[in-house]
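Structure file input_6.cif (mmCIF, C-alpha atoms) follows.
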```cif
data_upload
#
loop_
_atom_site.label_atom_id
_atom_site.label_comp_id
_atom_site.auth_asym_id
_atom_site.auth_seq_id
_atom_site.Cartn_x
_atom_site.Cartn_y
_atom_site.Cartn_z
CA LEU G 1 44.50 23.20 -19.02
CA VAL G 2 47.52 22.21 -17.03
CA ASP G 3 47.15 18.92 -15.11
CA VAL G 4 47.14 20.63 -11.72
CA GLU G 5 44.39 22.93 -12.82
CA LYS G 6 42.44 19.99 -14.23
CA ASN G 7 42.72 18.32 -10.88
CA SER G 8 41.41 21.26 -8.92
CA LEU G 9 38.69 21.92 -11.51
CA PHE G 10 37.33 18.44 -10.87
CA ALA G 11 37.01 19.14 -7.17
CA SER G 12 35.85 22.72 -7.54
CA SER G 13 32.37 22.05 -6.16
CA PHE G 14 33.50 20.12 -3.11
CA ARG G 15 33.01 21.39 0.38
CA GLY G 16 35.61 23.12 2.53
CA ALA G 17 39.17 21.95 2.42
CA HIS G 18 38.28 19.32 -0.17
CA SER G 19 38.23 21.99 -2.86
CA ARG G 20 41.08 24.12 -1.62
CA LEU G 21 44.04 22.00 -0.52
CA THR G 22 45.98 20.15 -3.23
CA ARG G 23 46.66 16.93 -1.39
CA THR G 24 43.09 16.53 -0.19
CA ILE G 25 41.89 17.41 -3.67
CA THR G 26 43.76 14.47 -5.17
CA GLN G 27 42.47 12.13 -2.48
CA GLN G 28 38.89 13.25 -2.80
CA ARG G 29 39.05 13.09 -6.56
CA ILE G 30 40.16 9.47 -6.38
CA ARG G 31 37.32 8.64 -3.96
CA ALA G 32 34.79 10.41 -6.11
CA LEU G 33 35.85 8.53 -9.21
CA VAL G 34 35.73 5.23 -7.35
CA SER G 35 32.23 6.00 -6.14
CA ALA G 36 31.18 6.92 -9.63
CA HIS G 37 32.55 3.65 -10.97
CA GLN G 38 30.76 1.58 -8.34
CA ASP G 39 27.54 3.51 -8.63
CA ARG G 40 27.35 3.04 -12.36
CA ASP G 41 26.82 -0.63 -11.62
CA MET G 42 24.61 0.07 -8.63
CA LYS G 43 22.42 2.29 -10.78
CA LYS G 44 21.56 -0.71 -12.89
CA ARG G 45 20.74 -2.69 -9.76
CA ASP G 46 18.68 0.13 -8.24
CA PHE G 47 16.53 0.54 -11.29
CA CYS G 48 15.96 -3.18 -11.63
CA HIS G 49 14.88 -3.19 -7.98
CA LEU G 50 12.47 -0.34 -8.63
CA TRP G 51 10.94 -2.04 -11.66
CA ILE G 52 10.51 -5.26 -9.74
CA THR G 53 8.68 -3.41 -6.97
CA ARG G 54 6.39 -1.71 -9.44
CA ILE G 55 5.60 -4.90 -11.30
CA ASN G 56 4.89 -6.66 -8.04
CA ALA G 57 2.59 -3.86 -6.97
CA ILE G 58 0.38 -4.19 -10.02
CA ILE G 59 0.54 -7.94 -10.44
CA ARG G 60 -0.77 -8.55 -6.95
CA GLY G 61 -3.94 -6.77 -7.95
CA VAL G 62 -4.67 -9.38 -10.60
CA GLY G 63 -5.88 -12.15 -8.39
CA VAL G 64 -5.46 -14.08 -5.20
CA SER G 65 -1.89 -15.35 -4.65
CA TYR G 66 -0.61 -14.10 -7.98
CA SER G 67 2.68 -12.35 -7.50
CA TYR G 68 5.79 -11.11 -9.27
CA SER G 69 7.59 -14.40 -8.72
CA ARG G 70 4.85 -16.40 -10.37
CA LEU G 71 4.71 -14.00 -13.28
CA ILE G 72 8.44 -14.39 -13.86
CA ARG G 73 8.18 -18.15 -13.62
CA ASN G 74 5.44 -18.16 -16.22
CA LEU G 75 7.43 -15.84 -18.46
CA TYR G 76 10.41 -18.13 -18.35
CA ASN G 77 8.28 -21.19 -19.02
CA LYS G 78 6.78 -19.61 -22.11
CA GLN G 79 10.25 -18.36 -23.08
CA LEU G 80 9.12 -14.78 -23.33
CA LEU G 81 12.08 -12.44 -23.34
CA LEU G 82 10.52 -9.28 -21.97
CA ASN G 83 12.82 -7.64 -19.47
CA HIS G 84 11.83 -5.82 -16.31
CA LYS G 85 12.31 -2.36 -17.72
CA ILE G 86 9.89 -2.99 -20.54
CA LEU G 87 7.39 -4.65 -18.23
CA ALA G 88 7.44 -1.66 -15.92
CA GLN G 89 6.98 0.73 -18.81
CA ILE G 90 4.07 -1.34 -20.10
CA ILE G 91 2.45 -1.09 -16.71
CA ILE G 92 2.70 2.65 -16.51
CA SER G 93 1.54 3.39 -20.01
CA ASN G 94 -0.98 0.67 -20.71
CA ARG G 95 -1.95 -1.51 -17.80
CA ASN G 96 -4.49 -3.63 -19.66
CA CYS G 97 -1.75 -4.85 -21.94
CA LEU G 98 0.04 -6.36 -18.98
CA TYR G 99 -3.12 -8.01 -17.74
CA MET G 100 -3.58 -9.55 -21.18
CA ILE G 101 0.02 -10.79 -21.19
CA SER G 102 -0.30 -12.28 -17.73
CA ASN G 103 -3.57 -14.02 -18.58
CA GLU G 104 -2.07 -15.47 -21.74
CA ILE G 105 0.93 -16.72 -19.83
CA ARG G 106 -1.07 -18.25 -17.03
CA LYS G 107 -2.81 -20.73 -19.25
CA MET U 1 -15.71 23.16 6.32
CA ALA U 2 -19.23 23.95 7.56
CA ALA U 3 -20.49 20.77 5.90
CA GLN U 4 -17.80 18.77 7.64
CA ALA U 5 -18.53 20.30 11.02
CA ALA U 6 -22.21 19.54 10.57
CA ALA U 7 -21.49 15.96 9.49
CA THR U 8 -19.58 15.06 12.64
CA THR U 9 -21.27 13.92 15.76
CA PHE U 10 -18.11 14.15 17.87
CA ASN U 11 -16.59 17.58 17.99
CA GLY U 12 -13.95 16.70 20.53
CA ASN U 13 -11.88 14.69 18.06
CA LEU U 14 -12.46 16.96 15.07
CA LYS U 15 -9.24 18.86 15.68
CA LYS U 16 -7.23 15.68 15.96
CA ALA U 17 -8.86 14.18 12.91
CA LEU U 18 -8.13 17.16 10.67
CA ALA U 19 -4.79 17.76 12.33
CA GLY U 20 -2.04 17.72 9.76
CA LEU U 21 -4.18 17.78 6.63
CA ARG U 22 -2.68 20.98 5.32
CA ARG U 23 0.81 19.54 5.45
CA ILE U 24 0.00 16.70 3.09
CA ASN U 25 0.93 18.03 -0.30
CA LEU U 26 -0.73 16.19 -3.12
CA GLU U 27 -4.46 15.94 -3.38
CA GLY U 28 -4.42 13.51 -6.28
CA LEU U 29 -4.54 10.84 -3.60
CA ARG U 30 -7.46 8.53 -3.04
CA TRP U 31 -9.16 8.21 0.31
CA ARG U 32 -9.48 4.54 1.20
CA VAL U 33 -11.64 3.34 4.04
CA PHE U 34 -10.70 0.24 6.00
CA ASP U 35 -13.33 -1.38 8.16
CA ALA U 36 -11.56 -3.02 11.08
CA LYS U 37 -14.62 -4.82 12.37
CA GLY U 38 -13.78 -8.48 12.83
CA GLN U 39 -10.40 -8.18 11.13
CA VAL U 40 -7.30 -9.70 12.65
CA LEU U 41 -4.99 -6.95 13.86
CA GLY U 42 -1.71 -7.83 12.16
CA ARG U 43 -3.17 -8.86 8.83
CA LEU U 44 -5.16 -5.66 8.61
CA ALA U 45 -2.13 -3.61 9.59
CA SER U 46 0.03 -5.15 6.88
CA GLN U 47 -2.54 -4.31 4.20
CA ILE U 48 -2.81 -0.77 5.53
CA SER U 49 0.94 -0.38 5.47
CA THR U 50 1.21 -1.42 1.81
CA VAL U 51 -1.48 1.08 0.88
CA ILE U 52 0.08 3.87 2.93
CA GLN U 53 3.47 3.36 1.32
CA GLY U 54 1.89 3.56 -2.11
CA LYS U 55 3.14 0.09 -2.95
CA ASP U 56 0.02 -0.84 -4.88
CA LYS U 57 0.56 1.86 -7.47
CA PRO U 58 2.63 1.54 -10.63
CA THR U 59 4.23 4.93 -9.97
CA TYR U 60 5.84 3.88 -6.72
CA ALA U 61 9.16 5.60 -5.98
CA PRO U 62 11.06 4.91 -2.77
CA ASN U 63 12.23 8.47 -2.33
CA ARG U 64 8.89 10.22 -2.29
CA ASP U 65 5.74 9.53 -0.39
CA ASP U 66 2.81 8.78 -2.64
CA GLY U 67 0.52 6.66 -0.53
CA ASP U 68 -3.23 7.05 -0.31
CA MET U 69 -4.99 8.52 2.69
CA CYS U 70 -6.22 5.68 4.86
CA ILE U 71 -9.17 5.95 7.17
CA VAL U 72 -9.74 3.10 9.59
CA ILE U 73 -13.12 2.84 11.28
CA ASN U 74 -14.45 0.55 14.00
CA ALA U 75 -11.03 0.35 15.58
CA LYS U 76 -12.44 -0.95 18.80
CA ASP U 77 -13.78 -4.06 17.05
CA VAL U 78 -10.43 -5.31 15.82
CA CYS U 79 -9.74 -8.94 16.81
CA VAL U 80 -6.69 -10.85 17.85
CA THR U 81 -6.20 -14.60 17.95
CA GLY U 82 -4.96 -16.68 20.80
CA ARG U 83 -4.48 -15.20 24.23
CA LYS U 84 -3.14 -11.92 22.95
CA LEU U 85 -5.88 -9.86 24.55
CA THR U 86 -4.33 -10.47 27.95
CA ASP U 87 -0.84 -11.62 27.00
CA LYS U 88 0.28 -9.09 24.40
CA VAL U 89 2.13 -6.39 26.28
CA TYR U 90 3.31 -3.05 24.98
CA TYR U 91 6.57 -2.00 26.59
CA TRP U 92 8.21 1.36 26.59
CA HIS U 93 11.10 2.87 28.53
CA THR U 94 10.90 6.38 29.86
CA GLY U 95 14.65 6.95 29.94
CA TYR U 96 15.03 6.85 33.68
CA VAL U 97 16.86 3.88 35.14
CA GLY U 98 14.57 1.02 35.97
CA HIS U 99 11.47 2.67 34.47
CA LEU U 100 10.34 0.08 31.97
CA LYS U 101 6.62 0.56 31.68
CA GLU U 102 4.20 -1.94 30.31
CA ARG U 103 0.57 -2.10 29.37
CA SER U 104 -1.42 -5.04 28.09
CA LEU U 105 -3.63 -5.02 24.99
CA LYS U 106 -6.76 -5.10 27.09
CA ASP U 107 -5.81 -1.96 29.00
CA GLN U 108 -4.72 -0.22 25.81
CA MET U 109 -8.05 -0.96 24.15
CA ALA U 110 -9.83 0.40 27.19
CA LYS U 111 -7.68 3.50 27.19
CA ASP U 112 -7.38 4.31 23.47
CA PRO U 113 -8.24 1.66 20.87
CA THR U 114 -6.84 3.70 18.00
CA GLU U 115 -3.32 3.43 19.40
CA VAL U 116 -3.33 -0.36 18.94
CA ILE U 117 -3.78 -0.12 15.19
CA ARG U 118 -1.56 2.91 14.89
CA LYS U 119 1.35 1.18 16.64
CA ALA U 120 0.85 -1.94 14.55
CA VAL U 121 0.93 -0.03 11.27
CA LEU U 122 3.74 2.29 12.29
CA ARG U 123 5.96 -0.61 13.25
CA MET U 124 5.38 -2.15 9.83
CA LEU U 125 6.50 0.91 7.91
CA PRO U 126 10.17 1.27 6.98
CA ARG U 127 12.08 3.38 9.49
CA ASN U 128 13.09 6.30 7.32
CA LYS U 129 12.40 9.98 6.93
CA LEU U 130 9.05 9.37 5.26
CA ARG U 131 7.66 7.47 8.23
CA ASP U 132 6.26 10.55 9.97
CA ASP U 133 4.59 11.81 6.81
CA ARG U 134 3.04 8.42 6.29
CA ASP U 135 1.80 8.46 9.85
CA ARG U 136 0.07 11.75 9.09
CA LYS U 137 -1.84 10.10 6.26
CA LEU U 138 -3.32 7.50 8.54
CA ARG U 139 -6.54 8.43 10.34
CA ILE U 140 -8.05 5.97 12.77
CA PHE U 141 -11.45 6.20 14.42
CA ALA U 142 -12.72 3.95 17.18
CA ASP U 143 -16.35 3.93 16.06
CA SER U 144 -17.83 4.14 12.60
CA GLU U 145 -18.25 7.92 12.42
CA HIS U 146 -15.70 10.06 10.68
CA PRO U 147 -15.67 13.68 9.59
CA PHE U 148 -14.54 12.97 6.04
CA GLY U 149 -17.99 12.11 4.78
CA ASP U 150 -18.04 14.62 1.96
CA ARG U 151 -14.85 13.39 0.29
CA PRO U 152 -14.86 10.75 -2.44
CA LEU U 153 -14.15 7.70 -0.27
CA GLU U 154 -13.36 4.23 -1.54
CA PRO U 155 -13.85 1.17 0.64
CA TYR U 156 -10.97 -1.29 0.64
CA MET U 157 -11.71 -4.93 0.00
CA MET U 158 -9.47 -7.15 2.06
CA PRO U 159 -8.01 -10.01 0.02
CA PRO U 160 -9.65 -13.35 0.83
CA ARG U 161 -7.89 -15.30 3.48
CA LYS U 162 -7.43 -18.97 4.19
CA VAL U 163 -8.44 -19.24 7.81
CA ARG U 164 -6.60 -22.20 9.25
CA GLU U 165 -8.88 -24.73 10.90
CA MET U 166 -9.01 -24.70 14.66
CA ARG U 167 -6.55 -26.72 16.67
CA PRO U 168 -8.18 -29.76 18.37
CA ARG U 169 -7.89 -28.41 21.90
CA VAL U 170 -9.45 -25.08 20.96
CA ARG U 171 -12.18 -26.81 19.01
CA ARG U 172 -13.04 -29.04 21.95
CA ALA U 173 -13.17 -26.01 24.23
CA LEU U 174 -15.50 -24.26 21.79
CA ILE U 175 -17.79 -27.30 21.61
CA ARG U 176 -17.87 -27.52 25.36
CA ALA U 177 -18.75 -23.83 25.62
CA GLN U 178 -21.55 -24.23 23.09
CA LYS U 179 -22.96 -27.24 24.93
CA LYS U 180 -22.82 -25.34 28.19
CA ALA U 181 -24.74 -22.44 26.67
CA GLU U 182 -27.41 -24.79 25.30
CA GLU U 183 -27.73 -26.59 28.63
CA GLN U 184 -28.08 -23.31 30.45
CA GLU U 185 -30.89 -22.24 28.16
CA GLN U 186 -32.62 -25.60 28.47
CA GLY U 187 -32.12 -25.70 32.24
CA GLY U 188 -33.58 -22.19 32.54
CA SER U 189 -36.59 -23.21 30.43
CA GLN U 190 -37.28 -26.27 32.58
CA ARG U 191 -37.32 -24.06 35.63
CA LYS U 192 -39.43 -21.20 34.32
CA GLY U 193 -41.71 -23.18 32.03
CA ARG U 194 -43.56 -22.28 28.88
CA LYS U 195 -42.37 -18.76 28.09
CA ARG U 196 -38.70 -19.78 28.05
CA GLU U 197 -39.43 -22.81 25.86
CA ALA U 198 -41.11 -20.59 23.34
CA LYS U 199 -38.08 -18.31 23.32
CA THR U 200 -35.56 -21.12 22.77
CA GLU U 201 -37.65 -22.58 19.98
CA VAL U 202 -37.76 -19.23 18.25
CA ALA U 203 -33.99 -18.85 18.68
CA ALA U 204 -33.30 -22.39 17.34
#
```

In structure tokens, what does this structure look like?
Amino acid sequence: LVDVEKNSLFASSFRGAHSRLTRTITQQRIRALVSAHQDRDMKKRDFCHLWITRINAIIRGVGVSYSYSRLIRNLYNKQLLLNHKILAQIIISNRNCLYMISNEIRK
Amino acid sequence: MAAQAAATTFNGNLKKALAGLRRINLEGLRWRVFDAKGQVLGRLASQISTVIQGKDKPTYAPNRDDGDMCIVINAKDVCVTGRKLTDKVYYWHTGYVGHLKERSLKDQMAKDPTEVIRKAVLRMLPRNKLRDDRDRKLRIFADSEHPFGDRPLEPYMMPPRKVREMRPRVRRALIRAQKKAEEQEQGGSQRKGRKREAKTEVAA
């Protein structure tokens, strides 16, 4: 493909003038790529946020005043290297496993 | 449906109670029952709001609504601390210039006790597009009857709470009130004689 065609192919699903006019196509392409670049990092943040919320949700059911923050503190004290993604997956698949881990850590 | 209609003792609110039930998609949800009798308003409302958002489930996702159906009973017995019964005022503006309306908690409880809890919970939910759907999942009843008797209901245990000990002034006022009540009973017994004494002894 010629470069011009590559350009307009990128923006072919955009709305209105953003897919039809050359100058706006180049501008919108640049903005889209910038957003994609930023959002690749934000995606990591968003998912971490989601896992933290899920872990918190289940951990609070364990006992009075036991929360995500205390769990993480205990994990760090025992030098356990489980990351949030794995913890969240453990919760969904096999909740008892997480209860066992948290009880072991608490001691 | 016939079983439900037979189970209710109040047919006036049946329509309101079953109002948007068809709109709520998933029926893999649990039905949790909150008993508001003797509970402090705000603390109860915050627990309800976490359940309604689905934040106690491991499959929580912020973009879809997966909270459980919440039924609150005994809404008229919900308590508040301090002087909020007279001093907490609900304000709203009608849009016309100078028309800021207000209503105190006492009047609101007299008018419609379910609105107190509903406002409290609604104002604790995040203000986004799911707020109205979450509102539809919340059913509040002033007394302890509700038309959902034939569903699999689960009562919700409130987490134990550290009640702070009473401030000295309040405690002194309470002691004074208790002493006054005892003196009144004793004073009444001295006037009327034996029957009242028997009653106070039984009570003590």

Can you work out which one of G:Tyr76, G:Phe14, G:Phe47, G:Tyr99 has the shortest atom-to-atom distance to Gly61 (chain G), counting only C-alpha atoms?
G:Tyr99

Any idea what's packed within 9 Å of Phe10 (chain G), counting all atoms listed in the file, ignoring anything in its chain fewer than 5 positions away? Could you give it as a ChimeraX atom specification?
/G:5,19,25,29

Kindly provide, as number ranges by chain, the residues of chain G having any atom no farther than 12 Å from an atom of chain U, counting all atoms listed in the file.
G: 46-47, 49-66, 87-95, 98

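One distance worth recording is that between CA of Lys88 (chain U) and CA of Arg118 (chain U), which is 15.4 Å.
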
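If you apply the PyMOL selection byres ((chain U and resi 90) around 8) to this structure, you end up with Lys88, Val89, Tyr91, Trp92, Glu102, Arg103, Ser104 and Leu105 of chain U.
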
Pull region 52-184 of chain U out of the block and emit C-alpha atoms, as a PDB file, in the first residue's frame.
```
ATOM      1  CA  ILE U  52     -26.035  -3.600  46.235  1.00  0.00           C
ATOM      2  CA  GLN U  53     -22.925  -2.771  44.241  1.00  0.00           C
ATOM      3  CA  GLY U  54     -21.859  -6.391  44.367  1.00  0.00           C
ATOM      4  CA  LYS U  55     -18.641  -5.454  46.106  1.00  0.00           C
ATOM      5  CA  ASP U  56     -18.650  -8.509  48.339  1.00  0.00           C
ATOM      6  CA  LYS U  57     -18.393 -10.900  45.410  1.00  0.00           C
ATOM      7  CA  PRO U  58     -15.185 -12.085  43.774  1.00  0.00           C
ATOM      8  CA  THR U  59     -16.699 -11.507  40.330  1.00  0.00           C
ATOM      9  CA  TYR U  60     -17.138  -7.794  40.796  1.00  0.00           C
ATOM     10  CA  ALA U  61     -16.773  -5.737  37.610  1.00  0.00           C
ATOM     11  CA  PRO U  62     -17.245  -1.972  37.627  1.00  0.00           C
ATOM     12  CA  ASN U  63     -18.956  -1.858  34.267  1.00  0.00           C
ATOM     13  CA  ARG U  64     -21.831  -4.194  34.958  1.00  0.00           C
ATOM     14  CA  ASP U  65     -24.290  -4.357  37.779  1.00  0.00           C
ATOM     15  CA  ASP U  66     -24.112  -7.599  39.690  1.00  0.00           C
ATOM     16  CA  GLY U  67     -25.371  -6.737  43.135  1.00  0.00           C
ATOM     17  CA  ASP U  68     -27.784  -8.828  45.153  1.00  0.00           C
ATOM     18  CA  MET U  69     -31.401  -7.878  45.692  1.00  0.00           C
ATOM     19  CA  CYS U  70     -31.699  -6.182  49.050  1.00  0.00           C
ATOM     20  CA  ILE U  71     -34.853  -6.155  51.103  1.00  0.00           C
ATOM     21  CA  VAL U  72     -34.926  -3.877  54.121  1.00  0.00           C
ATOM     22  CA  ILE U  73     -37.632  -4.444  56.716  1.00  0.00           C
ATOM     23  CA  ASN U  74     -38.639  -2.509  59.825  1.00  0.00           C
ATOM     24  CA  ALA U  75     -37.597   0.739  58.215  1.00  0.00           C
ATOM     25  CA  LYS U  76     -39.524   2.763  60.712  1.00  0.00           C
ATOM     26  CA  ASP U  77     -37.383   1.413  63.570  1.00  0.00           C
ATOM     27  CA  VAL U  78     -34.085   2.699  62.245  1.00  0.00           C
ATOM     28  CA  CYS U  79     -32.166   4.787  64.814  1.00  0.00           C
ATOM     29  CA  VAL U  80     -29.991   7.842  64.639  1.00  0.00           C
ATOM     30  CA  THR U  81     -27.589   9.149  67.240  1.00  0.00           C
ATOM     31  CA  GLY U  82     -27.386  12.601  68.655  1.00  0.00           C
ATOM     32  CA  ARG U  83     -30.032  15.169  67.910  1.00  0.00           C
ATOM     33  CA  LYS U  84     -30.472  14.117  64.320  1.00  0.00           C
ATOM     34  CA  LEU U  85     -34.133  13.265  64.719  1.00  0.00           C
ATOM     35  CA  THR U  86     -34.950  16.955  64.920  1.00  0.00           C
ATOM     36  CA  ASP U  87     -31.797  18.514  63.501  1.00  0.00           C
ATOM     37  CA  LYS U  88     -31.124  16.500  60.351  1.00  0.00           C
ATOM     38  CA  VAL U  89     -32.816  18.334  57.531  1.00  0.00           C
ATOM     39  CA  TYR U  90     -33.359  17.156  53.988  1.00  0.00           C
ATOM     40  CA  TYR U  91     -33.144  20.023  51.517  1.00  0.00           C
ATOM     41  CA  TRP U  92     -34.226  20.116  47.937  1.00  0.00           C
ATOM     42  CA  HIS U  93     -34.686  22.903  45.403  1.00  0.00           C
ATOM     43  CA  THR U  94     -37.652  22.932  43.092  1.00  0.00           C
ATOM     44  CA  GLY U  95     -35.984  25.009  40.394  1.00  0.00           C
ATOM     45  CA  TYR U  96     -37.946  28.159  40.984  1.00  0.00           C
ATOM     46  CA  VAL U  97     -36.071  31.103  42.445  1.00  0.00           C
ATOM     47  CA  GLY U  98     -36.137  31.157  46.203  1.00  0.00           C
ATOM     48  CA  HIS U  99     -37.913  27.789  46.524  1.00  0.00           C
ATOM     49  CA  LEU U 100     -35.516  25.847  48.698  1.00  0.00           C
ATOM     50  CA  LYS U 101     -37.660  23.358  50.531  1.00  0.00           C
ATOM     51  CA  GLU U 102     -36.700  21.530  53.658  1.00  0.00           C
ATOM     52  CA  ARG U 103     -38.037  18.754  55.793  1.00  0.00           C
ATOM     53  CA  SER U 104     -36.637  17.361  59.013  1.00  0.00           C
ATOM     54  CA  LEU U 105     -36.001  13.671  59.713  1.00  0.00           C
ATOM     55  CA  LYS U 106     -38.922  13.527  62.105  1.00  0.00           C
ATOM     56  CA  ASP U 107     -41.388  14.756  59.493  1.00  0.00           C
ATOM     57  CA  GLN U 108     -39.906  12.471  56.858  1.00  0.00           C
ATOM     58  CA  MET U 109     -40.307   9.445  59.117  1.00  0.00           C
ATOM     59  CA  ALA U 110     -43.891  10.441  59.763  1.00  0.00           C
ATOM     60  CA  LYS U 111     -44.540  10.890  56.071  1.00  0.00           C
ATOM     61  CA  ASP U 112     -42.635   7.966  54.523  1.00  0.00           C
ATOM     62  CA  PRO U 113     -39.986   6.123  56.564  1.00  0.00           C
ATOM     63  CA  THR U 114     -38.714   4.185  53.571  1.00  0.00           C
ATOM     64  CA  GLU U 115     -37.464   7.361  51.925  1.00  0.00           C
ATOM     65  CA  VAL U 116     -34.971   7.955  54.747  1.00  0.00           C
ATOM     66  CA  ILE U 117     -33.116   4.728  54.090  1.00  0.00           C
ATOM     67  CA  ARG U 118     -33.504   5.006  50.355  1.00  0.00           C
ATOM     68  CA  LYS U 119     -31.941   8.473  50.266  1.00  0.00           C
ATOM     69  CA  ALA U 120     -29.134   7.355  52.547  1.00  0.00           C
ATOM     70  CA  VAL U 121     -28.257   4.367  50.374  1.00  0.00           C
ATOM     71  CA  LEU U 122     -28.686   6.185  47.085  1.00  0.00           C
ATOM     72  CA  ARG U 123     -26.348   8.939  48.158  1.00  0.00           C
ATOM     73  CA  MET U 124     -23.719   6.340  49.016  1.00  0.00           C
ATOM     74  CA  LEU U 125     -23.760   4.720  45.597  1.00  0.00           C
ATOM     75  CA  PRO U 126     -21.406   6.022  42.907  1.00  0.00           C
ATOM     76  CA  ARG U 127     -23.096   8.532  40.627  1.00  0.00           C
ATOM     77  CA  ASN U 128     -22.967   6.691  37.334  1.00  0.00           C
ATOM     78  CA  LYS U 129     -25.275   5.055  34.851  1.00  0.00           C
ATOM     79  CA  LEU U 130     -25.754   1.987  37.015  1.00  0.00           C
ATOM     80  CA  ARG U 131     -27.164   3.969  39.916  1.00  0.00           C
ATOM     81  CA  ASP U 132     -30.780   3.745  38.751  1.00  0.00           C
ATOM     82  CA  ASP U 133     -30.545   0.007  38.162  1.00  0.00           C
ATOM     83  CA  ARG U 134     -29.095  -0.435  41.602  1.00  0.00           C
ATOM     84  CA  ASP U 135     -31.924   1.609  43.040  1.00  0.00           C
ATOM     85  CA  ARG U 136     -34.343  -0.811  41.407  1.00  0.00           C
ATOM     86  CA  LYS U 137     -32.740  -3.695  43.276  1.00  0.00           C
ATOM     87  CA  LEU U 138     -33.379  -2.110  46.634  1.00  0.00           C
ATOM     88  CA  ARG U 139     -36.761  -2.800  48.230  1.00  0.00           C
ATOM     89  CA  ILE U 140     -37.588  -1.154  51.518  1.00  0.00           C
ATOM     90  CA  PHE U 141     -40.566  -1.891  53.738  1.00  0.00           C
ATOM     91  CA  ALA U 142     -41.587   0.096  56.792  1.00  0.00           C
ATOM     92  CA  ASP U 143     -42.893  -2.857  58.790  1.00  0.00           C
ATOM     93  CA  SER U 144     -41.765  -6.455  58.837  1.00  0.00           C
ATOM     94  CA  GLU U 145     -44.108  -7.794  56.150  1.00  0.00           C
ATOM     95  CA  HIS U 146     -42.927  -8.221  52.612  1.00  0.00           C
ATOM     96  CA  PRO U 147     -44.390  -9.971  49.590  1.00  0.00           C
ATOM     97  CA  PHE U 148     -41.239 -11.901  48.746  1.00  0.00           C
ATOM     98  CA  GLY U 149     -41.868 -14.649  51.258  1.00  0.00           C
ATOM     99  CA  ASP U 150     -41.686 -17.508  48.793  1.00  0.00           C
ATOM    100  CA  ARG U 151     -38.223 -16.653  47.464  1.00  0.00           C
ATOM    101  CA  PRO U 152     -35.050 -18.112  48.954  1.00  0.00           C
ATOM    102  CA  LEU U 153     -34.168 -15.242  51.298  1.00  0.00           C
ATOM    103  CA  GLU U 154     -30.932 -14.900  53.234  1.00  0.00           C
ATOM    104  CA  PRO U 155     -30.713 -12.710  56.319  1.00  0.00           C
ATOM    105  CA  TYR U 156     -27.688 -10.430  56.464  1.00  0.00           C
ATOM    106  CA  MET U 157     -25.571 -10.425  59.581  1.00  0.00           C
ATOM    107  CA  MET U 158     -24.272  -6.978  60.330  1.00  0.00           C
ATOM    108  CA  PRO U 159     -20.579  -6.995  61.236  1.00  0.00           C
ATOM    109  CA  PRO U 160     -19.996  -6.465  64.971  1.00  0.00           C
ATOM    110  CA  ARG U 161     -19.466  -2.902  65.922  1.00  0.00           C
ATOM    111  CA  LYS U 162     -17.481  -1.151  68.602  1.00  0.00           C
ATOM    112  CA  VAL U 163     -20.038   1.149  70.146  1.00  0.00           C
ATOM    113  CA  ARG U 164     -18.152   4.083  71.597  1.00  0.00           C
ATOM    114  CA  GLU U 165     -18.895   4.694  75.250  1.00  0.00           C
ATOM    115  CA  MET U 166     -21.229   7.535  76.057  1.00  0.00           C
ATOM    116  CA  ARG U 167     -19.895  11.022  76.517  1.00  0.00           C
ATOM    117  CA  PRO U 168     -20.015  12.171  80.178  1.00  0.00           C
ATOM    118  CA  ARG U 169     -22.759  14.745  79.671  1.00  0.00           C
ATOM    119  CA  VAL U 170     -25.003  12.276  77.877  1.00  0.00           C
ATOM    120  CA  ARG U 171     -24.315   9.624  80.477  1.00  0.00           C
ATOM    121  CA  ARG U 172     -25.226  11.983  83.297  1.00  0.00           C
ATOM    122  CA  ALA U 173     -28.445  12.911  81.502  1.00  0.00           C
ATOM    123  CA  LEU U 174     -29.285   9.231  81.086  1.00  0.00           C
ATOM    124  CA  ILE U 175     -28.649   8.539  84.780  1.00  0.00           C
ATOM    125  CA  ARG U 176     -30.801  11.471  85.745  1.00  0.00           C
ATOM    126  CA  ALA U 177     -33.605  10.234  83.493  1.00  0.00           C
ATOM    127  CA  GLN U 178     -33.391   6.749  84.997  1.00  0.00           C
ATOM    128  CA  LYS U 179     -33.494   8.128  88.532  1.00  0.00           C
ATOM    129  CA  LYS U 180     -36.478  10.266  87.642  1.00  0.00           C
ATOM    130  CA  ALA U 181     -38.329   7.246  86.280  1.00  0.00           C
ATOM    131  CA  GLU U 182     -37.592   5.239  89.433  1.00  0.00           C
ATOM    132  CA  GLU U 183     -38.691   8.105  91.672  1.00  0.00           C
ATOM    133  CA  GLN U 184     -41.896   8.479  89.725  1.00  0.00           C
TER     134      GLN U 184
END
```
